[in-house]
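Novice: Sharing model_3.cif here; it has mmCIF, C-alpha atoms.
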```cif
data_model
loop_
_atom_site.label_atom_id
_atom_site.label_comp_id
_atom_site.auth_asym_id
_atom_site.auth_seq_id
_atom_site.Cartn_x
_atom_site.Cartn_y
_atom_site.Cartn_z
CA MET A 17 0.00 0.00 0.00
CA THR A 18 1.43 3.36 -1.03
CA ASN A 19 0.94 5.39 2.11
CA ARG A 20 4.17 5.87 4.07
CA ILE A 21 6.60 8.78 4.21
CA ILE A 22 10.10 7.35 3.88
CA ALA A 23 12.79 9.52 5.45
CA CYS A 24 16.47 8.87 4.74
CA ILE A 25 18.39 9.31 7.99
CA ASP A 26 22.18 9.67 8.23
CA GLY A 27 24.70 11.67 10.23
CA SER A 28 24.74 14.71 7.95
CA ALA A 29 23.77 18.28 8.76
CA SER A 30 20.60 17.79 6.69
CA ALA A 31 19.28 15.02 8.93
CA VAL A 32 17.52 17.37 11.36
CA ALA A 33 15.72 19.12 8.49
CA VAL A 34 14.79 15.72 7.04
CA CYS A 35 13.17 14.85 10.38
CA ASP A 36 11.34 18.19 10.60
CA TRP A 37 10.02 18.08 7.02
CA THR A 38 8.99 14.47 7.55
CA ALA A 39 7.09 15.24 10.75
CA TRP A 40 5.41 18.28 9.18
CA SER A 41 4.38 16.28 6.12
CA SER A 42 3.12 13.41 8.24
CA VAL A 43 0.86 15.68 10.27
CA ARG A 44 -0.45 17.44 7.15
CA MET A 45 -1.18 14.20 5.26
CA ALA A 46 -2.02 12.00 8.28
CA ALA A 47 0.56 9.57 6.91
CA PRO A 48 2.73 7.09 8.84
CA ILE A 49 6.51 7.42 8.77
CA THR A 50 9.37 5.04 8.12
CA LEU A 51 12.78 6.31 9.21
CA LEU A 52 15.38 4.56 7.07
CA HIS A 53 19.11 4.17 7.61
CA VAL A 54 21.07 2.34 4.92
CA LEU A 55 24.50 0.89 5.58
CA ASP A 56 26.72 0.13 2.64
CA LYS A 57 27.36 -3.55 2.21
CA PRO A 58 30.60 -4.47 3.93
CA THR A 59 33.50 -5.13 1.60
CA ALA A 60 34.80 -8.62 2.15
CA VAL A 61 38.53 -9.01 2.60
CA THR A 62 39.69 -11.30 -0.19
CA ALA A 63 42.40 -13.76 0.72
CA PRO A 64 45.36 -13.34 -1.64
CA ASP A 65 47.14 -16.24 -3.30
CA LEU A 66 49.99 -16.83 -0.88
CA SER A 67 51.52 -19.85 -2.59
CA GLY A 68 55.27 -19.47 -2.59
CA ALA A 69 55.10 -16.09 -0.82
CA ILE A 70 57.91 -14.97 1.47
CA GLY A 71 56.70 -14.24 5.02
CA LEU A 72 53.60 -16.39 4.67
CA GLY A 73 52.75 -16.42 8.35
CA ALA A 74 53.05 -12.66 8.73
CA ARG A 75 50.73 -12.01 5.79
CA GLU A 76 48.12 -14.43 7.11
CA ASP A 77 48.23 -12.67 10.48
CA LEU A 78 47.82 -9.28 8.77
CA LEU A 79 44.81 -10.57 6.83
CA GLU A 80 43.21 -11.76 10.06
CA GLN A 81 43.78 -8.36 11.67
CA LEU A 82 42.21 -6.59 8.69
CA THR A 83 39.20 -8.90 8.89
CA ARG A 84 38.76 -8.15 12.59
CA LEU A 85 39.04 -4.41 11.95
CA ASP A 86 36.33 -4.61 9.27
CA GLU A 87 34.06 -6.48 11.67
CA GLN A 88 34.63 -3.84 14.35
CA ARG A 89 33.89 -1.02 11.90
CA GLU A 90 30.70 -2.78 10.86
CA LYS A 91 29.53 -3.13 14.47
CA ILE A 92 30.30 0.53 15.20
CA ALA A 93 28.46 1.67 12.05
CA LEU A 94 25.49 -0.49 13.00
CA GLN A 95 25.29 0.98 16.50
CA HIS A 96 25.76 4.50 15.17
CA GLY A 97 22.88 3.98 12.74
CA LYS A 98 20.63 2.68 15.52
CA HIS A 99 21.42 5.75 17.58
CA LEU A 100 20.63 8.04 14.63
CA LEU A 101 17.29 6.31 14.11
CA ALA A 102 16.37 6.47 17.79
CA THR A 103 17.19 10.19 17.93
CA ALA A 104 15.26 10.85 14.71
CA ARG A 105 12.26 8.98 16.06
CA GLN A 106 12.23 11.09 19.21
CA ARG A 107 12.34 14.27 17.13
CA VAL A 108 9.50 13.42 14.73
CA GLU A 109 7.29 12.12 17.55
CA ALA A 110 7.92 15.31 19.55
CA ALA A 111 6.75 17.25 16.48
CA GLY A 112 3.43 15.40 16.42
CA ALA A 113 4.01 12.33 14.26
CA LEU A 114 2.03 9.40 15.67
CA ASP A 115 2.83 6.32 13.61
CA VAL A 116 6.61 5.93 13.26
CA ASP A 117 8.78 2.91 12.59
CA THR A 118 12.49 2.55 11.94
CA ARG A 119 14.38 0.34 9.52
CA GLN A 120 18.06 -0.34 9.09
CA ARG A 121 19.22 -1.98 5.90
CA HIS A 122 22.49 -3.16 4.38
CA GLY A 123 22.89 -2.41 0.70
CA HIS A 124 22.81 0.45 -1.77
CA LEU A 125 20.49 3.37 -1.13
CA VAL A 126 18.90 3.48 -4.59
CA GLU A 127 18.23 -0.27 -4.58
CA THR A 128 16.75 -0.10 -1.09
CA LEU A 129 14.44 2.77 -2.04
CA ALA A 130 13.33 0.85 -5.13
CA GLU A 131 12.34 -2.08 -2.89
CA LEU A 132 10.34 0.24 -0.63
CA GLU A 133 8.68 2.15 -3.47
CA PRO A 134 5.39 0.18 -3.41
CA GLU A 135 4.69 1.56 0.07
CA THR A 136 6.15 5.04 -0.47
CA ARG A 137 3.86 8.05 -0.61
CA LEU A 138 6.63 10.62 -0.19
CA LEU A 139 10.41 10.32 0.06
CA VAL A 140 12.31 12.87 2.14
CA ILE A 141 16.08 13.05 1.68
CA GLY A 142 18.78 15.60 2.52
CA ARG A 143 20.53 17.55 -0.21
CA GLN A 144 23.84 16.49 1.29
CA GLY A 145 24.98 13.23 2.80
CA GLU A 146 27.66 12.68 5.40
CA GLN A 147 30.44 12.59 2.79
CA SER A 148 29.47 15.83 1.03
CA GLN A 149 28.55 18.13 3.91
CA ARG A 150 31.95 19.80 4.21
CA HIS A 151 31.05 22.09 1.32
CA ALA A 152 27.72 23.90 1.59
CA GLU A 153 27.23 24.09 -2.18
CA GLN A 154 27.92 20.41 -2.79
CA ILE A 155 25.07 17.94 -3.27
CA GLY A 156 25.04 14.34 -2.16
CA SER A 157 26.73 11.84 -4.43
CA GLN A 158 23.62 9.66 -4.65
CA LEU A 159 20.97 12.38 -4.82
CA GLU A 160 20.69 12.61 -8.61
CA SER A 161 20.50 8.82 -8.88
CA VAL A 162 17.68 8.81 -6.34
CA ILE A 163 15.77 11.54 -8.17
CA ARG A 164 16.09 9.67 -11.47
CA SER A 165 15.18 6.27 -10.04
CA VAL A 166 12.35 6.92 -7.59
CA HIS A 167 8.89 7.44 -9.02
CA SER A 168 7.32 8.72 -5.81
CA PRO A 169 7.46 12.43 -4.96
CA VAL A 170 10.89 13.38 -3.58
CA LEU A 171 11.33 16.20 -1.10
CA VAL A 172 14.95 17.39 -0.98
CA ALA A 173 15.61 19.01 2.40
CA LEU A 174 18.26 21.59 3.31
CA PRO A 175 19.51 22.42 6.80
CA GLY A 176 17.26 24.88 8.62
CA PHE A 177 13.55 23.99 8.62
CA ARG A 178 10.68 26.42 8.88
CA ALA A 179 7.05 25.50 8.40
CA PRO A 180 6.20 26.71 4.88
CA GLU A 181 3.71 29.47 4.26
CA GLN A 182 4.14 29.80 0.51
CA PHE A 183 5.49 27.67 -2.30
CA LEU A 184 6.55 28.15 -5.90
CA LEU A 185 5.11 25.87 -8.57
CA ALA A 186 7.11 25.98 -11.80
CA TYR A 187 4.69 25.80 -14.71
CA ASP A 188 5.23 25.76 -18.48
CA GLY A 189 1.86 24.59 -19.77
CA SER A 190 3.09 21.07 -20.56
CA SER A 191 1.35 17.86 -19.58
CA THR A 192 4.10 17.25 -17.03
CA ALA A 193 3.51 20.61 -15.36
CA HIS A 194 -0.26 20.11 -15.46
CA THR A 195 0.07 16.72 -13.79
CA ALA A 196 2.19 18.33 -11.07
CA LEU A 197 -0.51 20.98 -10.66
CA GLU A 198 -3.20 18.32 -10.28
CA ARG A 199 -1.16 16.45 -7.69
CA VAL A 200 -0.63 19.63 -5.66
CA ILE A 201 -4.37 20.28 -5.69
CA ALA A 202 -5.27 16.68 -4.78
CA SER A 203 -2.93 16.43 -1.80
CA PRO A 204 -3.57 17.91 1.67
CA LEU A 205 0.16 18.59 2.03
CA LEU A 206 0.07 22.20 0.82
CA LEU A 207 -3.58 23.12 1.28
CA GLY A 208 -3.99 26.60 2.74
CA LEU A 209 -0.55 27.81 1.66
CA THR A 210 -0.02 30.57 -0.89
CA CYS A 211 1.02 29.28 -4.32
CA HIS A 212 3.27 31.31 -6.62
CA LEU A 213 2.50 29.94 -10.07
CA VAL A 214 5.53 30.90 -12.14
CA MET A 215 6.17 30.53 -15.85
CA VAL A 216 9.59 31.24 -17.38
CA GLY A 217 10.29 32.33 -20.95
CA ALA A 218 7.59 32.10 -23.61
CA THR A 219 4.20 32.93 -22.13
CA GLN A 220 1.17 30.70 -22.67
CA GLN A 221 -1.26 33.12 -21.06
CA ALA A 222 -4.42 31.07 -21.57
CA ARG A 223 -2.95 27.95 -19.99
CA LEU A 224 -1.44 29.97 -17.16
CA GLU A 225 -4.77 31.61 -16.35
CA SER A 226 -6.52 28.25 -16.52
CA ALA A 227 -4.00 26.73 -14.11
CA ALA A 228 -4.38 29.67 -11.73
CA ALA A 229 -8.16 29.26 -11.80
CA LEU A 230 -7.86 25.60 -10.82
CA LEU A 231 -5.67 26.49 -7.87
CA GLN A 232 -8.02 29.24 -6.73
CA GLN A 233 -11.04 26.93 -6.99
CA ALA A 234 -9.20 24.45 -4.78
CA GLY A 235 -8.72 27.12 -2.12
CA PHE A 236 -5.16 28.25 -2.80
CA ALA A 237 -4.30 31.93 -2.61
CA THR A 238 -2.44 32.30 -5.91
CA VAL A 239 0.19 34.69 -7.24
CA VAL A 240 0.76 34.42 -11.00
CA LYS A 241 4.06 35.50 -12.52
CA CYS A 242 5.79 35.31 -15.93
CA LEU A 243 9.59 35.62 -15.84
CA PRO A 244 12.13 36.32 -18.59
CA GLY A 245 15.59 34.83 -18.73
CA ASP A 246 17.27 31.53 -18.00
CA ASP A 247 14.98 28.91 -16.48
CA VAL A 248 17.04 27.78 -13.51
CA ALA A 249 18.43 31.19 -12.57
CA ALA A 250 15.08 32.96 -12.94
CA LEU A 251 13.27 30.50 -10.69
CA ALA A 252 15.98 30.57 -8.04
CA ASP A 253 16.16 34.37 -8.06
CA TYR A 254 12.38 34.69 -7.78
CA ALA A 255 12.32 32.24 -4.87
CA ASP A 256 15.00 34.24 -3.05
CA ALA A 257 13.33 37.58 -3.69
CA ASN A 258 9.89 36.43 -2.51
CA ALA A 259 10.83 34.39 0.57
CA ILE A 260 9.51 31.19 -0.98
CA ASP A 261 9.65 28.24 1.42
CA LEU A 262 9.39 25.36 -1.06
CA LEU A 263 9.99 24.98 -4.80
CA ILE A 264 7.86 22.40 -6.64
CA MET A 265 8.53 21.01 -10.09
CA GLY A 266 7.26 18.22 -12.27
CA ALA A 267 10.09 16.15 -13.70
CA TYR A 268 10.79 13.87 -16.65
CA GLY A 269 8.08 15.10 -18.98
CA HIS A 270 8.72 16.11 -22.58
CA SER A 271 9.08 19.80 -21.88
CA ARG A 272 11.59 22.48 -20.92
CA ILE A 273 11.11 21.49 -17.30
CA ARG A 274 12.37 18.02 -18.20
CA ARG A 275 15.75 19.49 -19.05
CA PHE A 276 16.13 20.73 -15.47
CA PHE A 277 16.49 17.15 -14.35
CA ILE A 278 18.68 15.70 -17.06
CA GLY A 279 22.47 15.75 -16.84
CA SER A 280 24.18 18.81 -15.40
CA ASN A 281 20.97 20.85 -15.07
CA THR A 282 19.89 18.72 -12.12
CA ALA A 283 23.00 19.65 -10.19
CA THR A 284 22.70 23.27 -11.34
CA LEU A 285 19.23 23.68 -9.87
CA LEU A 286 20.11 21.89 -6.65
CA HIS A 287 23.25 24.01 -6.26
CA ARG A 288 21.46 27.23 -7.12
CA THR A 289 18.43 27.06 -4.85
CA ARG A 290 18.58 27.84 -1.15
CA ILE A 291 15.24 26.24 -0.33
CA PRO A 292 13.89 22.68 -0.35
CA LEU A 293 12.58 21.16 -3.56
CA LEU A 294 9.60 18.87 -4.03
CA ILE A 295 10.02 16.89 -7.25
CA LEU A 296 6.92 15.25 -8.71
CA ARG A 297 7.17 12.45 -11.23
#
```
Once more with this new file: its structure as C-alpha cells, please.

Specialist:
Amino acid sequence: MTNRIIACIDGSASAVAVCDWTAWSSVRMAAPITLLHVLDKPTAVTAPDLSGAIGLGAREDLLEQLTRLDEQREKIALQHGKHLLATARQRVEAAGALDVDTRQRHGHLVETLAELEPETRLLVIGRQGEQSQRHAEQIGSQLESVIRSVHSPVLVALPGFRAPEQFLLAYDGSSTAHTALERVIASPLLLGLTCHLVMVGATQQARLESAAALLQQAGFATVVKCLPGDDVAALADYADANAIDLLIMGAYGHSRIRRFFIGSNTATLLHRTRIPLLILR
C-alpha cells in the first residue's frame, strides 16, 4: 500500500531538516513514517594467493587483523545507525508524528528505495549526505540517482527547517507541469498555503490563467508571474526575492522542465536554490 513517508536518515547536517520536514508532512497528510538508515554492504577481505610467498605467516596474520578491523567497523556503524534512528524517532514524535517505525538496511540506497517504493507516498532526503557536507554548495553523491530512479514524490531538504507558508510551482503549460498541478491540488500537504505559479520564458497566457483558476477553486491563494531569462536562474532568483519556502517542479516530462532534471541541469538547480525542492514524477 502506497501510504508511508520514507525519510532517509544519516549523520549529515541535513538530517535534522529531514526529520522536521517528515514530521510536518506526516501531520499534514495523516501519513505514517518510516525512518530509514542504509549501511553500505561491507567489503569482504579477499584472501590473496599466498603460494610461494615470502613471510607467509606474517601475511596471514595481517589478513586476520584486517578482517577483525572490518568487523569492528561494521559493528560501530550499525550501532551508530541505531542511535541516529532512535534520535530521529524522538524528534518526529515530539513534532506530532504518531505512527513511526524505523528500519536499518544493508545495501545500496537506490536499490533499497526501489524495494520500498510500493509503500512510499513521499520520500524525504537531505541535499547532502555525510560525505558531502563539508562544502555547503555540494550535493550528495547519490541524490541525482535517487531523483532519477524513484517514481514517488521526492522532497529534498536543506539544513534549517521552517514550516512553509508559501510555495513556488514551476509551470510551463506542458502535460508534465499540469500533472504536477493536479497532484498539488489533490494532496492535503500544501492546502492553505499561498502558491506562486511561475512561468519562465515564452508565455502561454491562456494555460497559465486556466492553471491559476484551478488552484483558486481548490482554495489556494495564488500569485501568477511570468519571468524572462534563463529557467534555472530565474526560478531561483524569484524564490530568493519572494521568501519562498518550497519549490515544486514536475520532472521527466517532454518539456523544458524536463531538461532541469537531465544531466548537469539537475546539479545546477540543486546548487542554485537555497530552499527545499519537491520533485513530482

Novice: Please compute the CA of Val108 (chain A)-CA of Arg178 (chain A) distance, one decimal, in Å.

Specialist: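 Pair CA of Val108 (chain A) / CA of Arg178 (chain A) returns 14.3 Å.
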
Novice: Trp37 (chain A): which residues within 8 Å, counting all atoms listed in the file, same-chain residues fewer than 2 positions away excluded, as a list in words?

Specialist: Ala33, Val34, Cys35, Ala39, Trp40, Ser41, Val140, Ala173 and Phe177 of chain A

Novice: Tell me which protein, DNA and RNA residues are within 7 Å of region 184-198 of chain A, counting only C-alpha atoms, leaving out same-chain ones fewer than 6 positions away, and put them as a PyMOL selection string.

Specialist: chain A and resi 211-215+220+223-224+260+262-267+269+271+296

Novice: Can you spell out as a ChimeraX atom specification the set of residues that the PyMOL selection byres ((chain A and resi 92-96) around 10) selects in the structure I just provided?

Specialist: /A:26-27,53-56,86-91,97-102,120-122

Novice: Write out, as a PDB file, in the coordinates of the input, the residues just selected, with C-alpha atoms.

Specialist:
```pdb
ATOM      1  CA  ASP A  26      22.180   9.670   8.230  1.00  0.00           C
ATOM      2  CA  GLY A  27      24.700  11.670  10.230  1.00  0.00           C
ATOM      3  CA  HIS A  53      19.110   4.170   7.610  1.00  0.00           C
ATOM      4  CA  VAL A  54      21.070   2.340   4.920  1.00  0.00           C
ATOM      5  CA  LEU A  55      24.500   0.890   5.580  1.00  0.00           C
ATOM      6  CA  ASP A  56      26.720   0.130   2.640  1.00  0.00           C
ATOM      7  CA  ASP A  86      36.330  -4.610   9.270  1.00  0.00           C
ATOM      8  CA  GLU A  87      34.060  -6.480  11.670  1.00  0.00           C
ATOM      9  CA  GLN A  88      34.630  -3.840  14.350  1.00  0.00           C
ATOM     10  CA  ARG A  89      33.890  -1.020  11.900  1.00  0.00           C
ATOM     11  CA  GLU A  90      30.700  -2.780  10.860  1.00  0.00           C
ATOM     12  CA  LYS A  91      29.530  -3.130  14.470  1.00  0.00           C
ATOM     13  CA  GLY A  97      22.880   3.980  12.740  1.00  0.00           C
ATOM     14  CA  LYS A  98      20.630   2.680  15.520  1.00  0.00           C
ATOM     15  CA  HIS A  99      21.420   5.750  17.580  1.00  0.00           C
ATOM     16  CA  LEU A 100      20.630   8.040  14.630  1.00  0.00           C
ATOM     17  CA  LEU A 101      17.290   6.310  14.110  1.00  0.00           C
ATOM     18  CA  ALA A 102      16.370   6.470  17.790  1.00  0.00           C
ATOM     19  CA  GLN A 120      18.060  -0.340   9.090  1.00  0.00           C
ATOM     20  CA  ARG A 121      19.220  -1.980   5.900  1.00  0.00           C
ATOM     21  CA  HIS A 122      22.490  -3.160   4.380  1.00  0.00           C
TER      22      HIS A 122
END
```

Novice: Provide the CA of Leu293 (chain A) to CA of Val170 (chain A) distance in Å, to one decimal place.

Specialist: 8.0 Å

Novice: What does the distance between CA of Leu125 (chain A) and CA of Val172 (chain A) come to in Å, to one decimal place?

Specialist: 15.1 Å

Novice: A:Ala229, A:Ala252, A:Glu135, A:Ala237: which is nearest Arg288 (chain A), counting all atoms listed in the file?

Specialist: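 Closest to Arg288 (chain A) of all the choices is A:Ala252.
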
Novice: Could you list the residues chosen by the PyMOL selection byres ((chain A and resi 113) around 8) in this structure as an mmCIF file with C-alpha atoms, in the frame of the given file?

Specialist:
```cif
data_model
loop_
_atom_site.group_PDB
_atom_site.id
_atom_site.type_symbol
_atom_site.label_atom_id
_atom_site.label_comp_id
_atom_site.auth_asym_id
_atom_site.auth_seq_id
_atom_site.Cartn_x
_atom_site.Cartn_y
_atom_site.Cartn_z
ATOM 1 C CA ALA A 39 7.090 15.240 10.750
ATOM 2 C CA TRP A 40 5.410 18.280 9.180
ATOM 3 C CA SER A 42 3.120 13.410 8.240
ATOM 4 C CA VAL A 43 0.860 15.680 10.270
ATOM 5 C CA PRO A 48 2.730 7.090 8.840
ATOM 6 C CA ILE A 49 6.510 7.420 8.770
ATOM 7 C CA VAL A 108 9.500 13.420 14.730
ATOM 8 C CA GLU A 109 7.290 12.120 17.550
ATOM 9 C CA ALA A 110 7.920 15.310 19.550
ATOM 10 C CA ALA A 111 6.750 17.250 16.480
ATOM 11 C CA GLY A 112 3.430 15.400 16.420
ATOM 12 C CA LEU A 114 2.030 9.400 15.670
ATOM 13 C CA ASP A 115 2.830 6.320 13.610
ATOM 14 C CA VAL A 116 6.610 5.930 13.260
#
```

Novice: List the residues selected by the PyMOL selection byres ((chain A and resi 52) around 7) in the file shown, writing them as a PDB file with C-alpha atoms, in the frame of the given file.

Specialist:
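And here's selection_13.pdb as it stands now:
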```pdb
ATOM      1  CA  ILE A  22      10.100   7.350   3.880  1.00  0.00           C
ATOM      2  CA  ALA A  23      12.790   9.520   5.450  1.00  0.00           C
ATOM      3  CA  CYS A  24      16.470   8.870   4.740  1.00  0.00           C
ATOM      4  CA  ILE A  25      18.390   9.310   7.990  1.00  0.00           C
ATOM      5  CA  THR A  50       9.370   5.040   8.120  1.00  0.00           C
ATOM      6  CA  LEU A  51      12.780   6.310   9.210  1.00  0.00           C
ATOM      7  CA  HIS A  53      19.110   4.170   7.610  1.00  0.00           C
ATOM      8  CA  VAL A  54      21.070   2.340   4.920  1.00  0.00           C
ATOM      9  CA  THR A 118      12.490   2.550  11.940  1.00  0.00           C
ATOM     10  CA  ARG A 119      14.380   0.340   9.520  1.00  0.00           C
ATOM     11  CA  GLN A 120      18.060  -0.340   9.090  1.00  0.00           C
TER      12      GLN A 120
END
```

Novice: Report as a list in words all protein, DNA and RNA residues lying within 12 Å of Ser168 (chain A), evaluated on all atoms listed in the file, omitting residues in the same chain fewer than 3 positions from it.

Specialist: Thr18, Asn19, Arg20, Ile21, Ile22, Leu129, Ala130, Leu132, Glu133, Pro134, Glu135, Thr136, Arg137, Leu138, Leu139, Val140, Val162, Ile163, Arg164, Ser165, Leu171, Arg199, Gly266, Ala267, Leu294, Ile295, Leu296 and Arg297 of chain A
